[in-house]
$ cat input-v8.txt   # compact mmCIF, C-alpha atoms
# COMPACT_ATOMS: atom_id res chain seq x y z
CA MET A 1 16.79 -60.25 29.74
CA THR A 2 16.41 -61.55 33.26
CA SER A 3 13.52 -63.21 34.99
CA PRO A 4 12.43 -62.67 38.61
CA ASP A 5 14.83 -63.99 41.20
CA PRO A 6 12.81 -65.40 44.13
CA ALA A 7 15.77 -65.07 46.45
CA ALA A 8 16.18 -61.39 45.79
CA GLY A 9 12.69 -60.34 46.77
CA GLU A 10 12.42 -58.22 43.59
CA ALA A 11 13.43 -58.94 40.04
CA SER A 12 16.44 -57.12 38.72
CA GLU A 13 16.03 -54.76 35.76
CA PRO A 14 15.80 -56.65 32.46
CA GLU A 15 18.77 -56.35 30.18
CA VAL A 16 17.59 -55.67 26.63
CA VAL A 17 20.16 -57.40 24.44
CA ALA A 18 20.30 -59.86 21.57
CA PRO A 19 21.60 -63.39 22.18
CA PRO A 20 25.41 -63.68 22.03
CA GLY A 21 26.62 -63.93 18.47
CA LYS A 22 23.17 -63.35 17.01
CA SER A 23 21.33 -60.36 15.68
CA GLY A 24 17.84 -61.73 16.33
CA PRO A 25 15.41 -60.69 19.00
CA ALA A 26 16.25 -60.80 22.67
CA ARG A 27 15.35 -64.07 24.32
CA SER A 28 14.41 -64.69 27.90
CA VAL A 29 14.76 -67.72 30.08
CA ASP A 30 11.31 -68.63 31.28
CA PRO A 31 11.03 -69.27 35.00
CA PRO A 32 10.28 -72.86 36.03
CA GLU A 33 6.60 -73.68 36.30
CA LYS A 34 5.26 -74.15 39.81
CA ARG A 35 2.29 -76.27 40.74
CA VAL A 36 -0.76 -74.04 41.10
CA THR A 37 -3.62 -75.10 43.35
CA GLY A 38 -6.86 -73.75 44.80
CA LEU A 39 -8.00 -70.24 44.02
CA ARG A 40 -4.61 -69.41 42.52
CA ARG A 41 -5.64 -71.45 39.46
CA ILE A 42 -8.10 -68.71 38.48
CA ALA A 43 -6.76 -65.67 40.35
CA PRO A 44 -4.92 -63.15 38.13
CA ASP A 45 -1.34 -64.14 37.38
CA VAL A 46 0.61 -61.22 38.83
CA ARG A 47 4.10 -62.63 38.29
CA PRO A 48 4.95 -59.98 35.66
CA LEU A 49 4.54 -57.32 38.36
CA ALA A 50 7.69 -58.69 40.01
CA ILE A 51 9.64 -57.21 37.08
CA PRO A 52 10.30 -53.53 37.95
CA ALA A 53 10.17 -52.22 34.37
CA TYR A 54 6.83 -53.86 33.69
CA ARG A 55 5.45 -52.90 37.11
CA ARG A 56 6.16 -49.22 36.50
CA LEU A 57 4.56 -49.36 33.03
CA PHE A 58 1.55 -51.17 34.50
CA LEU A 59 1.02 -48.61 37.26
CA GLY A 60 1.45 -45.82 34.73
CA GLN A 61 -1.18 -47.44 32.53
CA VAL A 62 -3.61 -47.61 35.45
CA CYS A 63 -3.49 -43.81 35.57
CA THR A 64 -3.45 -43.11 31.85
CA VAL A 65 -6.34 -45.42 30.94
CA VAL A 66 -8.66 -43.57 33.31
CA GLY A 67 -7.32 -40.24 32.06
CA ALA A 68 -7.91 -41.22 28.43
CA GLN A 69 -11.51 -42.13 29.23
CA LEU A 70 -11.99 -38.74 30.91
CA THR A 71 -10.90 -37.06 27.68
CA ALA A 72 -13.19 -39.31 25.62
CA VAL A 73 -16.17 -38.30 27.78
CA ALA A 74 -15.19 -34.63 27.73
CA VAL A 75 -14.75 -34.46 23.94
CA GLN A 76 -18.17 -35.94 23.25
CA GLN A 77 -19.88 -33.70 25.79
CA GLN A 78 -18.03 -30.56 24.68
CA ILE A 79 -18.86 -31.07 21.00
CA PHE A 80 -22.52 -31.70 21.83
CA ASP A 81 -22.60 -28.60 24.05
CA LEU A 82 -21.09 -26.48 21.27
CA THR A 83 -23.28 -27.79 18.44
CA GLY A 84 -26.36 -29.34 20.04
CA SER A 85 -26.03 -32.12 17.46
CA SER A 86 -25.32 -35.84 17.91
CA ALA A 87 -24.27 -35.92 14.26
CA TRP A 88 -21.27 -33.77 15.13
CA VAL A 89 -20.38 -36.25 17.89
CA GLY A 90 -20.43 -38.98 15.21
CA ILE A 91 -18.22 -36.88 12.95
CA ALA A 92 -15.75 -36.55 15.82
CA SER A 93 -15.54 -40.36 15.95
CA LEU A 94 -14.61 -40.44 12.26
CA VAL A 95 -12.08 -37.65 12.79
CA ALA A 96 -10.45 -39.78 15.47
CA LEU A 97 -10.49 -42.90 13.29
CA VAL A 98 -8.57 -41.49 10.33
CA PRO A 99 -5.31 -40.74 12.18
CA LEU A 100 -5.63 -44.04 14.05
CA VAL A 101 -5.63 -45.93 10.76
CA VAL A 102 -2.99 -43.85 8.98
CA PHE A 103 -0.56 -43.43 11.87
CA GLY A 104 -1.24 -46.91 13.21
CA LEU A 105 0.49 -48.34 10.14
CA LEU A 106 3.14 -45.61 9.98
CA GLY A 107 3.68 -45.79 13.74
CA GLY A 108 4.51 -49.47 13.56
CA ALA A 109 7.17 -48.78 10.94
CA ILE A 110 8.56 -45.92 13.03
CA ALA A 111 8.72 -48.25 16.06
CA ASP A 112 10.79 -50.69 13.98
CA THR A 113 13.21 -47.93 12.97
CA TYR A 114 14.01 -45.88 16.08
CA ASP A 115 14.68 -46.53 19.74
CA ARG A 116 11.28 -47.47 21.16
CA ARG A 117 11.95 -45.92 24.55
CA LYS A 118 12.60 -42.49 22.99
CA LEU A 119 9.58 -42.88 20.73
CA LEU A 120 7.36 -43.74 23.69
CA MET A 121 8.64 -40.65 25.52
CA ILE A 122 7.93 -38.35 22.55
CA THR A 123 4.43 -39.68 21.89
CA SER A 124 3.49 -39.67 25.58
CA VAL A 125 4.53 -36.03 25.82
CA GLY A 126 2.53 -35.34 22.65
CA ILE A 127 -0.60 -36.89 24.15
CA ALA A 128 -0.17 -34.81 27.31
CA VAL A 129 0.41 -31.58 25.34
CA THR A 130 -2.71 -32.10 23.22
CA SER A 131 -4.72 -32.69 26.42
CA ILE A 132 -3.41 -29.38 27.72
CA GLY A 133 -4.44 -27.81 24.41
CA LEU A 134 -7.96 -29.22 24.78
CA TRP A 135 -8.05 -27.87 28.34
CA VAL A 136 -7.09 -24.38 27.18
CA ALA A 137 -9.60 -24.50 24.31
CA ALA A 138 -12.38 -25.57 26.69
CA LEU A 139 -11.54 -22.77 29.12
CA GLY A 140 -11.76 -20.31 26.22
CA GLY A 141 -15.51 -20.74 25.82
CA GLY A 142 -17.79 -21.68 23.01
CA SER A 143 -17.68 -19.94 19.67
CA GLY A 144 -18.61 -22.09 16.70
CA GLU A 145 -15.03 -22.03 15.43
CA SER A 146 -13.79 -23.76 18.60
CA VAL A 147 -15.43 -27.00 17.39
CA TRP A 148 -12.79 -27.21 14.69
CA ILE A 149 -10.07 -26.54 17.24
CA VAL A 150 -11.35 -29.46 19.32
CA MET A 151 -11.49 -31.65 16.20
CA ALA A 152 -7.94 -30.74 15.19
CA LEU A 153 -6.53 -31.39 18.67
CA LEU A 154 -8.44 -34.66 18.89
CA ALA A 155 -7.03 -35.82 15.55
CA LEU A 156 -3.50 -34.83 16.61
CA GLN A 157 -3.86 -36.68 19.90
CA GLN A 158 -5.06 -39.82 18.14
CA ALA A 159 -2.08 -39.61 15.79
CA PHE A 160 0.27 -39.60 18.80
CA PHE A 161 -1.70 -42.49 20.33
CA ALA A 162 -1.53 -44.48 17.09
CA VAL A 163 2.28 -44.37 17.25
CA ASN A 164 2.40 -44.83 21.02
CA GLN A 165 0.29 -48.01 21.14
CA PRO A 166 2.27 -50.28 18.75
CA THR A 167 5.50 -48.98 20.26
CA ARG A 168 4.41 -49.90 23.78
CA SER A 169 3.23 -53.35 22.64
CA ALA A 170 6.50 -54.01 20.79
CA ILE A 171 8.44 -53.25 23.99
CA LEU A 172 6.58 -55.80 26.13
CA PRO A 173 8.39 -58.98 24.95
CA ARG A 174 11.71 -57.22 25.59
CA ILE A 175 11.03 -56.70 29.31
CA VAL A 176 8.88 -59.73 30.17
CA PRO A 177 9.88 -63.41 29.78
CA ALA A 178 8.01 -65.14 26.97
CA ALA A 179 6.06 -67.43 29.31
CA MET A 180 4.70 -64.38 31.13
CA VAL A 181 3.60 -62.42 28.06
CA PRO A 182 0.03 -63.82 28.14
CA SER A 183 -0.26 -62.87 31.82
CA ALA A 184 1.12 -59.39 31.16
CA ASN A 185 -1.37 -58.89 28.32
CA ALA A 186 -4.21 -60.12 30.55
CA LEU A 187 -3.22 -57.62 33.25
CA ASN A 188 -3.05 -54.80 30.70
CA MET A 189 -6.47 -55.62 29.28
CA THR A 190 -7.96 -55.93 32.75
CA VAL A 191 -6.77 -52.41 33.47
CA PHE A 192 -8.27 -51.20 30.18
CA SER A 193 -11.63 -52.83 30.96
CA THR A 194 -11.62 -51.25 34.40
CA GLY A 195 -10.84 -47.85 32.88
CA VAL A 196 -13.70 -48.20 30.38
CA ILE A 197 -16.07 -48.68 33.32
CA VAL A 198 -14.57 -46.28 35.86
CA GLY A 199 -13.53 -43.47 33.49
CA PRO A 200 -16.97 -42.53 32.13
CA LEU A 201 -18.56 -42.85 35.59
CA LEU A 202 -15.88 -40.63 37.09
CA GLY A 203 -16.22 -38.17 34.23
CA GLY A 204 -19.96 -37.94 34.74
CA LEU A 205 -19.42 -37.19 38.42
CA LEU A 206 -16.63 -34.66 37.90
CA ILE A 207 -18.20 -32.50 35.18
CA PRO A 208 -20.80 -30.91 37.51
CA LEU A 209 -18.25 -30.65 40.34
CA VAL A 210 -15.16 -29.20 38.69
CA GLY A 211 -16.29 -28.41 35.14
CA LEU A 212 -15.65 -30.12 31.84
CA PRO A 213 -12.31 -28.39 30.99
CA TRP A 214 -10.60 -29.90 34.02
CA LEU A 215 -11.15 -33.44 32.75
CA TYR A 216 -8.60 -32.66 30.04
CA PHE A 217 -6.22 -31.27 32.63
CA LEU A 218 -6.52 -34.42 34.75
CA ASP A 219 -5.77 -36.53 31.68
CA ALA A 220 -2.59 -34.55 31.07
CA ILE A 221 -1.52 -34.98 34.71
CA THR A 222 -1.98 -38.76 34.56
CA MET A 223 0.63 -38.90 31.78
CA VAL A 224 3.33 -38.09 34.35
CA ALA A 225 3.11 -41.66 35.67
CA ILE A 226 3.75 -43.27 32.29
CA LEU A 227 6.51 -40.76 31.47
CA TYR A 228 8.32 -41.74 34.67
CA ALA A 229 7.97 -45.43 33.81
CA VAL A 230 9.32 -44.90 30.30
CA PHE A 231 12.17 -42.71 31.56
CA ARG A 232 13.34 -45.60 33.76
CA LEU A 233 13.47 -48.05 30.86
CA PRO A 234 16.81 -48.94 29.28
CA PRO A 235 17.25 -48.12 25.57
CA VAL A 236 15.09 -50.41 23.42
CA PRO A 237 16.40 -50.24 19.83
CA PRO A 238 14.90 -52.67 17.31
CA LEU A 239 17.02 -55.81 16.99
CA GLY A 240 18.09 -57.52 13.80
CA GLU A 241 19.80 -56.15 10.72
CA ARG A 242 18.79 -52.57 9.97
CA ARG A 243 18.65 -51.47 6.36
CA GLY A 244 17.56 -47.89 6.72
CA ARG A 245 14.05 -46.83 7.60
CA ALA A 246 11.52 -49.63 8.13
CA LYS A 247 8.75 -49.70 5.53
CA VAL A 248 5.07 -50.44 6.03
CA SER A 249 5.09 -52.50 2.82
CA GLU A 250 7.77 -54.80 4.25
CA GLY A 251 5.58 -55.48 7.26
CA LEU A 252 2.57 -56.30 5.09
CA LYS A 253 4.70 -58.55 2.89
CA TYR A 254 6.06 -60.30 5.99
CA LEU A 255 2.52 -60.81 7.28
CA ARG A 256 1.40 -62.25 3.95
CA TRP A 257 3.94 -65.07 4.24
CA GLN A 258 3.27 -65.81 7.91
CA PRO A 259 -0.03 -67.73 7.92
CA LEU A 260 -0.17 -68.04 11.71
CA LEU A 261 0.07 -64.29 12.24
CA LEU A 262 -2.26 -63.56 9.33
CA MET A 263 -4.91 -65.88 10.78
CA THR A 264 -4.98 -63.94 14.07
CA PHE A 265 -6.15 -60.91 12.09
CA VAL A 266 -8.62 -62.88 9.95
CA VAL A 267 -10.51 -64.36 12.90
CA ASP A 268 -10.54 -61.03 14.74
CA ILE A 269 -12.03 -59.25 11.72
CA ILE A 270 -14.68 -61.97 11.50
CA ALA A 271 -15.58 -61.59 15.18
CA MET A 272 -15.68 -57.78 15.15
CA VAL A 273 -17.36 -57.08 11.80
CA CYS A 274 -19.94 -59.86 12.05
CA GLY A 275 -20.49 -60.05 15.78
CA MET A 276 -20.18 -56.59 17.35
CA PRO A 277 -23.74 -55.15 17.67
CA ARG A 278 -22.96 -52.08 19.79
CA ALA A 279 -24.47 -49.71 17.18
CA LEU A 280 -27.83 -51.32 17.94
CA PHE A 281 -27.67 -50.74 21.70
CA PRO A 282 -29.64 -47.45 21.68
CA GLN A 283 -32.47 -48.88 19.58
CA MET A 284 -32.59 -52.18 21.48
CA ALA A 285 -32.46 -50.43 24.86
CA GLU A 286 -35.65 -48.56 23.93
CA GLU A 287 -37.55 -51.02 21.75
CA THR A 288 -36.52 -54.41 23.16
CA PHE A 289 -35.81 -53.68 26.81
CA GLY A 290 -38.24 -50.85 27.47
CA GLY A 291 -35.80 -48.07 28.20
CA PRO A 292 -36.81 -44.40 27.87
CA PRO A 293 -36.13 -42.49 24.64
CA GLY A 294 -32.73 -40.84 24.58
CA GLY A 295 -31.02 -43.26 26.95
CA GLY A 296 -31.45 -44.52 30.50
CA VAL A 297 -30.46 -47.41 32.71
CA ALA A 298 -30.97 -50.05 30.02
CA LEU A 299 -28.63 -48.29 27.59
CA GLY A 300 -25.99 -47.73 30.27
CA VAL A 301 -26.11 -51.37 31.35
CA LEU A 302 -25.79 -52.65 27.79
CA ASN A 303 -22.77 -50.44 27.14
CA ALA A 304 -21.10 -51.53 30.38
CA SER A 305 -21.77 -55.27 30.08
CA LEU A 306 -18.99 -56.09 27.60
CA ALA A 307 -16.41 -54.25 29.72
CA ILE A 308 -17.69 -55.94 32.88
CA GLY A 309 -17.28 -59.33 31.21
CA SER A 310 -13.73 -58.45 30.17
CA LEU A 311 -12.95 -57.30 33.71
CA LEU A 312 -14.26 -60.55 35.18
CA GLY A 313 -12.18 -62.44 32.63
CA GLY A 314 -9.07 -60.64 33.76
CA LEU A 315 -9.82 -61.15 37.44
CA THR A 316 -10.29 -64.90 36.92
CA GLY A 317 -7.60 -65.35 34.27
CA GLY A 318 -4.88 -67.08 36.26
CA TRP A 319 -5.22 -70.09 33.94
CA ILE A 320 -4.45 -68.07 30.82
CA SER A 321 -0.66 -68.39 30.99
CA ARG A 322 -0.89 -72.19 31.36
CA VAL A 323 -2.58 -72.80 27.99
CA ARG A 324 -0.21 -74.05 25.29
CA ARG A 325 -2.71 -74.48 22.44
CA GLN A 326 -3.30 -70.75 22.21
CA GLY A 327 -4.64 -70.90 18.64
CA VAL A 328 -7.33 -73.37 19.69
CA ALA A 329 -8.18 -71.07 22.60
CA ILE A 330 -8.63 -68.13 20.19
CA ILE A 331 -10.96 -70.11 17.94
CA ALA A 332 -12.97 -71.42 20.90
CA ALA A 333 -13.26 -67.95 22.43
CA ILE A 334 -14.55 -66.42 19.18
CA ILE A 335 -17.10 -69.22 18.79
CA VAL A 336 -18.28 -68.52 22.35
CA TRP A 337 -18.48 -64.82 21.40
CA GLY A 338 -20.67 -65.69 18.41
CA PHE A 339 -23.08 -67.81 20.46
CA ALA A 340 -23.20 -65.09 23.13
CA MET A 341 -24.31 -62.58 20.50
CA ILE A 342 -26.99 -65.02 19.28
CA VAL A 343 -28.36 -65.28 22.83
CA PHE A 344 -28.19 -61.50 23.18
CA GLY A 345 -30.16 -61.01 19.98
CA LEU A 346 -32.86 -63.43 21.15
CA SER A 347 -33.09 -61.99 24.68
CA SER A 348 -36.18 -60.19 25.87
CA PRO A 349 -35.40 -59.76 29.59
CA LEU A 350 -32.58 -57.30 30.20
CA TRP A 351 -30.84 -59.57 32.71
CA LEU A 352 -30.36 -62.29 30.08
CA ALA A 353 -28.97 -59.75 27.61
CA VAL A 354 -26.51 -58.53 30.22
CA ILE A 355 -25.32 -62.07 30.96
CA ALA A 356 -24.88 -62.80 27.25
CA LEU A 357 -22.89 -59.60 26.69
CA ALA A 358 -20.76 -60.26 29.77
CA ILE A 359 -19.92 -63.74 28.45
CA GLY A 360 -19.06 -62.07 25.16
CA GLY A 361 -16.77 -59.63 26.94
CA TRP A 362 -15.08 -62.50 28.79
CA SER A 363 -14.46 -64.42 25.56
CA ASP A 364 -13.22 -61.27 23.82
CA LEU A 365 -10.58 -60.78 26.52
CA VAL A 366 -9.39 -64.38 26.12
CA SER A 367 -9.16 -64.01 22.35
CA ALA A 368 -7.42 -60.63 22.57
CA VAL A 369 -4.83 -61.85 25.09
CA TYR A 370 -3.75 -64.77 22.94
CA ARG A 371 -3.84 -62.85 19.66
CA SER A 372 -1.63 -60.15 21.18
CA THR A 373 0.70 -62.76 22.66
CA ILE A 374 1.16 -64.62 19.37
CA LEU A 375 1.91 -61.36 17.55
CA GLN A 376 4.42 -60.31 20.20
CA VAL A 377 6.18 -63.65 20.68
CA ALA A 378 5.98 -65.40 17.29
CA ALA A 379 7.03 -62.37 15.21
CA THR A 380 10.65 -61.33 14.82
CA ASP A 381 11.57 -58.23 16.80
CA GLU A 382 12.37 -56.10 13.75
CA MET A 383 8.77 -56.63 12.55
CA ARG A 384 6.93 -56.34 15.86
CA GLY A 385 6.19 -52.64 15.62
CA ARG A 386 4.64 -52.92 12.16
CA LEU A 387 2.51 -55.90 13.12
CA GLN A 388 1.33 -54.08 16.24
CA GLY A 389 0.47 -51.16 13.98
CA VAL A 390 -1.73 -53.43 11.87
CA PHE A 391 -3.24 -54.75 15.11
CA THR A 392 -4.08 -51.18 16.19
CA VAL A 393 -5.78 -50.50 12.84
CA VAL A 394 -7.84 -53.71 13.01
CA VAL A 395 -8.88 -53.12 16.63
CA ALA A 396 -9.83 -49.51 15.91
CA GLY A 397 -11.45 -50.05 12.51
CA GLY A 398 -13.23 -53.38 12.96
CA PRO A 399 -15.88 -52.19 15.44
CA ARG A 400 -16.56 -49.07 13.37
CA VAL A 401 -17.15 -51.17 10.26
CA ALA A 402 -19.40 -53.35 12.41
CA ASP A 403 -21.39 -50.26 13.44
CA PHE A 404 -22.09 -49.55 9.77
CA VAL A 405 -22.91 -53.16 8.82
CA HIS A 406 -25.22 -53.78 11.78
CA GLY A 407 -26.94 -50.44 11.34
CA VAL A 408 -27.67 -51.09 7.65
CA VAL A 409 -28.88 -54.66 8.24
CA ALA A 410 -31.06 -53.65 11.19
CA GLU A 411 -32.60 -50.82 9.16
CA ALA A 412 -33.43 -53.23 6.33
CA THR A 413 -34.67 -56.04 8.60
CA SER A 414 -34.68 -55.83 12.40
CA THR A 415 -32.26 -55.65 15.31
CA THR A 416 -32.93 -59.32 16.09
CA ILE A 417 -32.01 -60.47 12.60
CA ALA A 418 -28.92 -58.25 12.53
CA THR A 419 -27.65 -59.46 15.90
CA VAL A 420 -28.55 -63.15 15.62
CA GLY A 421 -27.43 -63.30 11.99
CA GLY A 422 -24.14 -61.66 12.93
CA GLY A 423 -23.55 -64.17 15.72
CA MET A 424 -24.31 -67.10 13.42
CA ALA A 425 -22.01 -65.70 10.74
CA THR A 426 -19.26 -65.35 13.35
CA VAL A 427 -19.51 -69.01 14.35
CA VAL A 428 -19.71 -70.38 10.80
CA LEU A 429 -16.94 -68.19 9.35
CA THR A 430 -14.63 -68.84 12.31
CA VAL A 431 -15.00 -72.62 11.92
CA LEU A 432 -14.40 -72.27 8.17
CA ALA A 433 -11.34 -70.07 8.72
CA ALA A 434 -9.92 -72.53 11.27
CA PHE A 435 -10.36 -75.37 8.75
CA LEU A 436 -8.76 -73.49 5.86
CA GLY A 437 -5.99 -71.78 7.88
CA ARG A 438 -4.86 -74.67 10.05
CA SER A 439 -1.68 -72.94 11.26
CA LEU A 440 -3.69 -71.24 14.02
CA TRP A 441 -5.37 -74.49 15.08
CA ARG A 442 -2.02 -76.31 15.21
CA TYR A 443 -0.09 -73.60 17.04
CA ASP A 444 1.53 -74.83 20.27
CA ALA A 445 3.15 -72.13 22.40
CA GLY A 446 5.25 -74.76 24.17
CA ARG A 447 7.02 -75.76 20.96
CA ARG A 448 7.64 -72.44 19.25
CA PRO A 449 11.08 -70.76 19.32
CA VAL A 450 10.78 -67.28 20.79
CA GLY A 451 10.83 -64.57 18.17
CA ASP A 452 10.34 -66.86 15.21
CA ALA A 453 7.16 -67.10 13.14

$ encode --input "input-v8.txt" --output "structure tokens"
Amino acid sequence: MTSPDPAAGEASEPEVVAPPGKSGPARSVDPPEKRVTGLRRIAPDVRPLAIPAYRRLFLGQVCTVVGAQLTAVAVQQQIFDLTGSSAWVGIASLVALVPLVVFGLLGGAIADTYDRRKLLMITSVGIAVTSIGLWVAALGGGSGESVWIVMALLALQQAFFAVNQPTRSAILPRIVPAAMVPSANALNMTVFSTGVIVGPLLGGLLIPLVGLPWLYFLDAITMVAILYAVFRLPPVPPLGERRGRAKVSEGLKYLRWQPLLLMTFVVDIIAMVCGMPRALFPQMAEETFGGPPGGGVALGVLNASLAIGSLLGGLTGGWISRVRRQGVAIIAAIIVWGFAMIVFGLSSPLWLAVIALAIGGWSDLVSAVYRSTILQVAATDEMRGRLQGVFTVVVAGGPRVADFVHGVVAEATSTTIATVGGGMATVVLTVLAAFLGRSLWRYDAGRRPVGDA
């Protein structure tokens, strides 16, 4: 693998190979650190964009993230239009979750078995084809049976996505030098946060202008950008000794004996299950912040605040790649998240709630960047796909479990108790986990060998 050559004006294509005489993961030579001053200390670290392979994937992701959000908006609206029931919209969320969980684990094993470039091509085409299928179904009109067609296509698309996501994440350390992986993850998550904000707004504007079916078509068209980026990649076979098809059980067994990697999942589950109160936003928007029944500005602002905080974190995250004690940063970020949720639960003016949620979104980005980086850099290459599959399951399932927990607690007590109690539990359990699982607290990115746990 090569790093950017300042004299060349553009980095040469990375060579995806194992070290001479070794079968372990490819290693990169990190570029020398340069003194950073002024605004560059907080401005986004865009050095990974000097690497052509990463730059093409990044630009492709800019398109596909917005396209995916267009489909998310269209599916919800189409199912509500067909059924007139919000319950059916909730069922659609569960339909999407099942393949994410099942194929997230299987997809990681598949990514550790086959060439990841080919796998990314196949799954990207699959996502595009299912979007075309949704487009055709939406153009066909609205019999009751078409709801099940939409559900089936949605589930199939999420299955492709569940394989695509861990595969794409497992590729990143093979095309970006290890020192730049945090910056690359920060850029990726900044794009995602932007898409979460822009996509729904754009979808809301486009539905009355062009019609709902064409949102699916636009999503399919955006996949061309990522397909081009993947096509230009070199082959990316898993490194290390291959003994037939990779097994999910091997990945879970590997994780069990890697306390550092295991702790990244433990603290994330604590933060999401205890401290994610998004299920309470509709009730709080109306009862706490005086919004109108059925939605309104207060609800929209609450839903956007976390993403806005994440976006601000990405835009001011130039310092992220310079932190060596990444485990300490994760713990600190989750504690900040917990306190932010406590403030949110105690807020009565909307502006204070928005600030608290934005701080939470900022801290969530910091935590997510370092958790992703540790999984990508500290794990051996032959296990990266399976660990990224577990990561996909945790990220997808944690907030949905939180929706259930917060909803039940709020129904039995109040939204304030559910939110404040969840924030307090996040802080206490994170401190306890850091004390019991000290591998995360002690982790120093400057001392770890690349690709070793």

$ atom_distance --input "input-v8.txt" --atom1 "atom CA of Met341 of chain A" --atom2 "atom CA of Gln76 of chain A"
27.5 Å

$ closest_atom_pairs --input "input-v8.txt" --of "segment 203-319 of chain A" --to "segment 181-186 of chain A" --cutoff "8 Å" --atoms "only C-alpha atoms" --output "CSV"
residue,atom,partner,partner_atom,distance
A:Gly314,CA,A:Ala186,CA,5.8
A:Gly317,CA,A:Ala186,CA,7.3
A:Gly318,CA,A:Ser183,CA,7.7

$ atom_distance --input "input-v8.txt" --atom1 "atom CA of Gly423 of chain A" --atom2 "atom CA of Arg442 of chain A"
24.7 Å

$ atom_distance --input "input-v8.txt" --atom1 "atom CA of Leu59 of chain A" --atom2 "atom CA of Leu387 of chain A"
25.3 Å

$ residues_around --input "input-v8.txt" --residues "segment 414-418 of chain A" --least-positions-apart "6" --cutoff "7 Å" --atoms "all atoms listed in the file" --output "list in words"
Leu280, Gly345, Leu346 and His406 of chain A

$ closest_residue --input "input-v8.txt" --among "A:Val297, A:Ala92, A:Val420, A:Ala178" --to "Gln376 of chain A" --atoms "all atoms listed in the file"
A:Ala178

$ closest_residue --input "input-v8.txt" --among "A:Ala285, A:Ala358, A:Met223, A:Ala68" --to "Val129 of chain A" --atoms "all atoms listed in the file"
A:Met223

$ closest_atom_pairs --input "input-v8.txt" --of "segment 310-348 of chain A" --to "segment 190-212 of chain A" --cutoff "8 Å" --atoms "all atoms listed in the file" --output "Markdown table"
| residue | atom | partner | partner_atom | distance |
| --- | --- | --- | --- | --- |
| A:Ser310 | CA | A:Ser193 | CA | 6.1 |
| A:Leu311 | CA | A:Thr190 | CA | 5.3 |
| A:Gly313 | CA | A:Thr190 | CA | 7.8 |
| A:Gly314 | CA | A:Thr190 | CA | 4.9 |
| A:Leu315 | CA | A:Thr190 | CA | 7.3 |

$ closest_residue --input "input-v8.txt" --among "A:Val394, A:Leu120, A:Val401, A:Leu255" --to "Arg232 of chain A" --atoms "only C-alpha atoms"
A:Leu120
